[in-house]
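> Following this line is protein.txt, made up of compact mmCIF, C-alpha atoms:
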```txt
# COMPACT_ATOMS: atom_id res chain seq x y z
CA MET X 1 63.48 111.86 90.51
CA SER X 2 62.60 113.26 93.90
CA SER X 3 63.87 116.68 94.90
CA THR X 4 65.20 115.11 98.12
CA PRO X 5 68.71 113.76 97.57
CA LEU X 6 69.38 110.12 98.31
CA ARG X 7 71.53 109.51 101.37
CA LEU X 8 74.53 107.57 100.07
CA ALA X 9 76.87 105.93 102.58
CA VAL X 10 80.35 105.39 101.08
CA ILE X 11 82.01 102.78 103.29
CA ILE X 12 85.80 102.45 103.42
CA GLY X 13 86.27 98.72 104.02
CA SER X 14 89.97 98.44 104.76
CA THR X 15 91.37 99.21 108.19
CA ARG X 16 94.99 98.20 107.59
CA GLU X 17 97.95 100.49 108.16
CA GLY X 18 99.04 102.15 104.91
CA ARG X 19 95.73 101.36 103.20
CA PHE X 20 94.69 102.87 99.89
CA GLY X 21 90.94 102.89 100.55
CA PRO X 22 90.60 106.50 101.71
CA THR X 23 92.10 107.76 98.43
CA ALA X 24 89.59 105.83 96.31
CA ALA X 25 86.70 106.60 98.68
CA HIS X 26 87.26 110.34 98.82
CA TRP X 27 87.62 110.51 95.05
CA PHE X 28 84.37 108.55 94.69
CA ALA X 29 82.61 110.73 97.28
CA GLY X 30 83.53 113.75 95.16
CA GLU X 31 82.12 112.06 92.04
CA SER X 32 78.93 111.22 94.00
CA THR X 33 78.48 114.79 95.19
CA ALA X 34 79.06 116.14 91.68
CA HIS X 35 76.47 113.67 90.32
CA GLY X 36 73.78 115.74 92.03
CA ASP X 37 71.40 113.04 93.27
CA PHE X 38 73.22 112.26 96.51
CA GLU X 39 73.96 113.52 99.97
CA VAL X 40 77.18 111.66 100.82
CA ASP X 41 78.26 110.21 104.17
CA VAL X 42 81.76 108.69 104.15
CA ILE X 43 82.06 105.96 106.80
CA ASP X 44 85.63 104.91 107.52
CA LEU X 45 85.65 101.54 109.28
CA ALA X 46 89.09 102.34 110.73
CA GLU X 47 87.31 104.98 112.85
CA GLN X 48 84.55 102.64 114.06
CA PRO X 49 84.52 100.43 117.18
CA LEU X 50 84.28 97.18 115.19
CA ASP X 51 86.44 95.31 117.68
CA ALA X 52 83.61 95.77 120.19
CA VAL X 53 81.40 93.37 118.22
CA LEU X 54 83.88 90.52 118.36
CA ARG X 55 82.42 89.78 121.75
CA ASN X 56 78.97 88.18 121.94
CA ASN X 57 76.98 91.34 122.59
CA PRO X 58 76.95 94.45 120.43
CA ASP X 59 78.58 97.35 122.19
CA PRO X 60 76.55 100.55 122.66
CA ALA X 61 79.49 102.34 121.02
CA MET X 62 78.26 100.85 117.72
CA GLN X 63 74.94 102.73 117.86
CA PRO X 64 76.11 105.87 115.99
CA LEU X 65 77.37 103.66 113.14
CA THR X 66 74.12 101.68 113.11
CA ASP X 67 72.16 104.95 112.97
CA ARG X 68 74.20 106.13 109.96
CA LEU X 69 73.52 102.83 108.15
CA ASP X 70 69.80 103.09 109.01
CA ALA X 71 69.66 106.62 107.58
CA ALA X 72 71.26 105.63 104.28
CA ASP X 73 69.15 105.09 101.17
CA ALA X 74 72.03 103.43 99.32
CA PHE X 75 75.57 102.17 99.89
CA VAL X 76 78.85 102.03 98.04
CA ILE X 77 81.43 99.66 99.47
CA VAL X 78 85.04 100.65 98.79
CA THR X 79 86.99 97.42 99.10
CA PRO X 80 90.41 95.99 98.45
CA GLU X 81 90.97 92.33 97.77
CA TYR X 82 92.55 90.33 100.59
CA ASN X 83 93.25 86.68 99.82
CA HIS X 84 90.81 86.70 96.88
CA SER X 85 88.03 88.08 99.08
CA TYR X 86 87.00 91.11 101.11
CA PRO X 87 88.46 92.36 104.43
CA ALA X 88 87.37 91.07 107.82
CA SER X 89 86.32 94.59 108.81
CA LEU X 90 83.58 94.48 106.17
CA LYS X 91 82.49 91.02 107.31
CA VAL X 92 82.09 92.29 110.88
CA LEU X 93 80.16 95.38 109.75
CA ILE X 94 77.85 93.42 107.49
CA ASP X 95 77.15 90.57 109.91
CA TRP X 96 76.29 92.82 112.86
CA HIS X 97 73.68 94.67 110.81
CA TYR X 98 70.71 93.19 109.06
CA THR X 99 67.72 95.44 108.53
CA GLN X 100 69.97 98.39 107.65
CA TRP X 101 70.80 96.82 104.25
CA GLN X 102 67.32 95.61 103.34
CA ALA X 103 65.65 96.96 100.20
CA LYS X 104 68.53 99.32 99.44
CA PRO X 105 70.99 99.36 96.54
CA VAL X 106 74.67 98.57 96.98
CA GLY X 107 77.45 99.50 94.59
CA PHE X 108 81.16 98.70 94.70
CA VAL X 109 84.43 100.51 94.18
CA SER X 110 87.23 97.96 94.27
CA TYR X 111 90.96 98.24 93.99
CA GLY X 112 94.03 96.08 94.02
CA GLY X 113 96.64 94.54 91.76
CA LEU X 114 95.90 92.73 88.52
CA ALA X 115 92.35 91.74 89.52
CA GLY X 116 91.48 95.24 90.71
CA GLY X 117 89.62 93.90 93.73
CA LEU X 118 86.91 92.34 91.58
CA ARG X 119 87.11 88.98 93.38
CA SER X 120 86.15 90.72 96.63
CA VAL X 121 83.12 92.22 94.86
CA GLU X 122 82.04 88.81 93.60
CA HIS X 123 82.21 87.46 97.16
CA LEU X 124 80.15 90.38 98.46
CA ARG X 125 77.30 90.11 95.96
CA PRO X 126 75.73 86.91 97.39
CA VAL X 127 76.22 88.20 100.94
CA PHE X 128 74.17 91.31 100.16
CA ALA X 129 71.59 89.22 98.29
CA GLU X 130 71.11 87.20 101.49
CA LEU X 131 70.51 90.49 103.32
CA HIS X 132 67.80 91.49 100.81
CA ALA X 133 69.88 94.30 99.30
CA VAL X 134 70.11 94.96 95.56
CA THR X 135 73.62 95.10 94.12
CA VAL X 136 73.96 97.15 90.96
CA ARG X 137 75.57 95.55 87.94
CA ASP X 138 78.34 98.03 87.13
CA THR X 139 81.31 98.66 89.39
CA VAL X 140 84.29 100.97 89.52
CA SER X 141 87.52 98.99 89.64
CA PHE X 142 91.12 100.14 89.86
CA HIS X 143 93.72 97.65 88.66
CA GLY X 144 97.17 98.60 89.93
CA ALA X 145 95.38 101.25 91.97
CA TRP X 146 98.48 102.91 93.40
CA GLU X 147 99.44 104.11 89.90
CA ARG X 148 95.90 105.26 88.99
CA PHE X 149 95.73 108.35 91.20
CA GLY X 150 97.74 111.54 91.27
CA PRO X 151 99.32 113.03 94.40
CA ASP X 152 96.19 115.18 94.83
CA GLY X 153 93.95 112.08 95.04
CA ALA X 154 92.41 112.61 91.61
CA ALA X 155 91.93 109.62 89.31
CA LEU X 156 94.31 109.88 86.36
CA ASP X 157 92.17 107.97 83.85
CA PRO X 158 89.08 109.88 82.63
CA ALA X 159 87.35 106.51 82.16
CA ALA X 160 87.12 106.25 85.96
CA ALA X 161 84.72 109.21 86.11
CA ALA X 162 82.62 107.67 83.33
CA ALA X 163 82.48 104.34 85.20
CA ALA X 164 81.51 106.17 88.40
CA LYS X 165 78.71 108.03 86.60
CA THR X 166 77.34 104.80 85.11
CA MET X 167 77.26 103.14 88.53
CA LEU X 168 75.84 106.24 90.24
CA ASP X 169 73.05 106.44 87.66
CA GLN X 170 72.11 102.85 88.52
CA ILE X 171 72.29 103.52 92.27
CA ALA X 172 70.16 106.65 91.85
CA TRP X 173 67.46 104.74 89.94
CA TRP X 174 67.35 101.84 92.39
CA GLY X 175 67.74 104.13 95.39
CA GLU X 176 64.77 106.29 94.42
CA ALA X 177 62.59 103.33 93.46
CA LEU X 178 63.36 101.45 96.66
CA ARG X 179 62.99 104.54 98.88
CA GLU X 180 59.52 105.13 97.42
CA ALA X 181 58.64 101.45 97.86
CA ARG X 182 59.83 101.43 101.51
CA ALA X 183 57.74 104.54 102.20
CA LEU X 184 54.59 102.99 100.68
CA ARG X 185 55.12 99.58 102.21
CA PRO X 186 57.88 99.11 104.77
CA TYR X 187 60.05 96.16 103.87
CA GLY X 188 59.21 92.98 105.75
CA ALA X 189 55.90 94.36 107.03
```
Just dump the structure as structure tokens.

Amino acid sequence: MSSTPLRLAVIIGSTREGRFGPTAAHWFAGESTAHGDFEVDVIDLAEQPLDAVLRNNPDPAMQPLTDRLDAADAFVIVTPEYNHSYPASLKVLIDWHYTQWQAKPVGFVSYGGLAGGLRSVEHLRPVFAELHAVTVRDTVSFHGAWERFGPDGAALDPAAAAAAKTMLDQIAWWGEALREARALRPYGA
């Protein structure tokens, strides 16, 4: 592994009032930092001007977000499941960016009721494949998420940390391999 940490963007996909995403995302960001291979940037879509892109032209207010996505070597999408799929906020973010995802790994932390958000992940995988990103096999999923975290935001089940480590190991491998490949031969060139 390189001595330069991978830049990992952890994206909070839900923007709804009362959302659970920040709890899962901040826990995961802590796991990512403790892993040691990552410099973590948490991107909360509720704080981004996504409504600006609903018009036909991208708003200049989106540029700081685009720059953060460009700088990332890897991504983890933290997503709930809405109507057996992922939130509209993620759709907007993904569709208004293209090259930012290319030749980079993407992992998923999902949460929800009985399905734990896994149906949203299965909808996102082919979308990222179309954008030439590599989704890692393992995910972190919280079924009945509201009961899986303590009041301090810590995951109550030790298996969650093990699942996070497994996924982060995969992201680290792919992230390093793809960063080296992009440096030797820029993607699409």
> Would you please work out which residue, of X:Gly117, X:Pro126, X:Pro151, X:Pro105, is nearest to X:Ala177 when using all atoms listed in the file?
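Smallest separation from X:Ala177 among the options: X:Pro105.
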> Would you work out the distance separating atom CA of X:Gln102 from atom CA of X:Gly116, expressed in Å to one decimal?
27.3 Å
> Restricting the calculation to only C-alpha atoms, which member of X:Ala115, X:Ala46, X:Leu69, X:Val10 is positioned closest to X:Leu168?
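Comparing X:Ala115, X:Ala46, X:Leu69, X:Val10 against X:Leu168, the winner is X:Val10.
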> Would you list the residues near (70.5, 97.7, 108.3) (no more than 12 Å away, in the coordinates of the file, using all atoms listed in the file) as an mmCIF file with C-alpha atoms, keeping the file's coordinate frame?

```cif
data_model
loop_
_atom_site.group_PDB
_atom_site.id
_atom_site.type_symbol
_atom_site.label_atom_id
_atom_site.label_comp_id
_atom_site.auth_asym_id
_atom_site.auth_seq_id
_atom_site.Cartn_x
_atom_site.Cartn_y
_atom_site.Cartn_z
ATOM 1 C CA ALA X 9 76.870 105.930 102.580
ATOM 2 C CA GLN X 63 74.940 102.730 117.860
ATOM 3 C CA LEU X 65 77.370 103.660 113.140
ATOM 4 C CA THR X 66 74.120 101.680 113.110
ATOM 5 C CA ASP X 67 72.160 104.950 112.970
ATOM 6 C CA ARG X 68 74.200 106.130 109.960
ATOM 7 C CA LEU X 69 73.520 102.830 108.150
ATOM 8 C CA ASP X 70 69.800 103.090 109.010
ATOM 9 C CA ALA X 71 69.660 106.620 107.580
ATOM 10 C CA ALA X 72 71.260 105.630 104.280
ATOM 11 C CA ASP X 73 69.150 105.090 101.170
ATOM 12 C CA ALA X 74 72.030 103.430 99.320
ATOM 13 C CA PHE X 75 75.570 102.170 99.890
ATOM 14 C CA LEU X 93 80.160 95.380 109.750
ATOM 15 C CA ILE X 94 77.850 93.420 107.490
ATOM 16 C CA ASP X 95 77.150 90.570 109.910
ATOM 17 C CA TRP X 96 76.290 92.820 112.860
ATOM 18 C CA HIS X 97 73.680 94.670 110.810
ATOM 19 C CA TYR X 98 70.710 93.190 109.060
ATOM 20 C CA THR X 99 67.720 95.440 108.530
ATOM 21 C CA GLN X 100 69.970 98.390 107.650
ATOM 22 C CA TRP X 101 70.800 96.820 104.250
ATOM 23 C CA GLN X 102 67.320 95.610 103.340
ATOM 24 C CA ALA X 103 65.650 96.960 100.200
ATOM 25 C CA LYS X 104 68.530 99.320 99.440
ATOM 26 C CA PRO X 105 70.990 99.360 96.540
ATOM 27 C CA PHE X 128 74.170 91.310 100.160
ATOM 28 C CA LEU X 131 70.510 90.490 103.320
ATOM 29 C CA HIS X 132 67.800 91.490 100.810
ATOM 30 C CA ALA X 133 69.880 94.300 99.300
ATOM 31 C CA TYR X 187 60.050 96.160 103.870
#
```
> Taking 6 positions as the minimum chain separation for residues in the same chain, which residues sit within 12 Å of X:Ala88 when counting only C-alpha atoms? Answer as number ranges by chain.
X: 13-16, 45-46, 50-51, 54, 79-82, 94-95, 120, 124
> Could you check how far atom CA of X:Val140 sits from atom CA of X:Gln48, in Å to one decimal?
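According to the coordinates, atom CA of X:Val140 and atom CA of X:Gln48 are separated by 24.6 Å.
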> Find, counting all atoms listed in the file, the residue in X:Gly107, X:Gly188, X:Gly36, X:Gly153 that gets nearest to X:Gly21.
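Smallest separation from X:Gly21 among the options: X:Gly153.
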> Measuring between only C-alpha atoms, which one of X:Asp169, X:Asp59, X:Glu31, X:Asp157 shows the shortest distance to X:Val136?
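Closest residue, counting only C-alpha atoms: X:Asp169.
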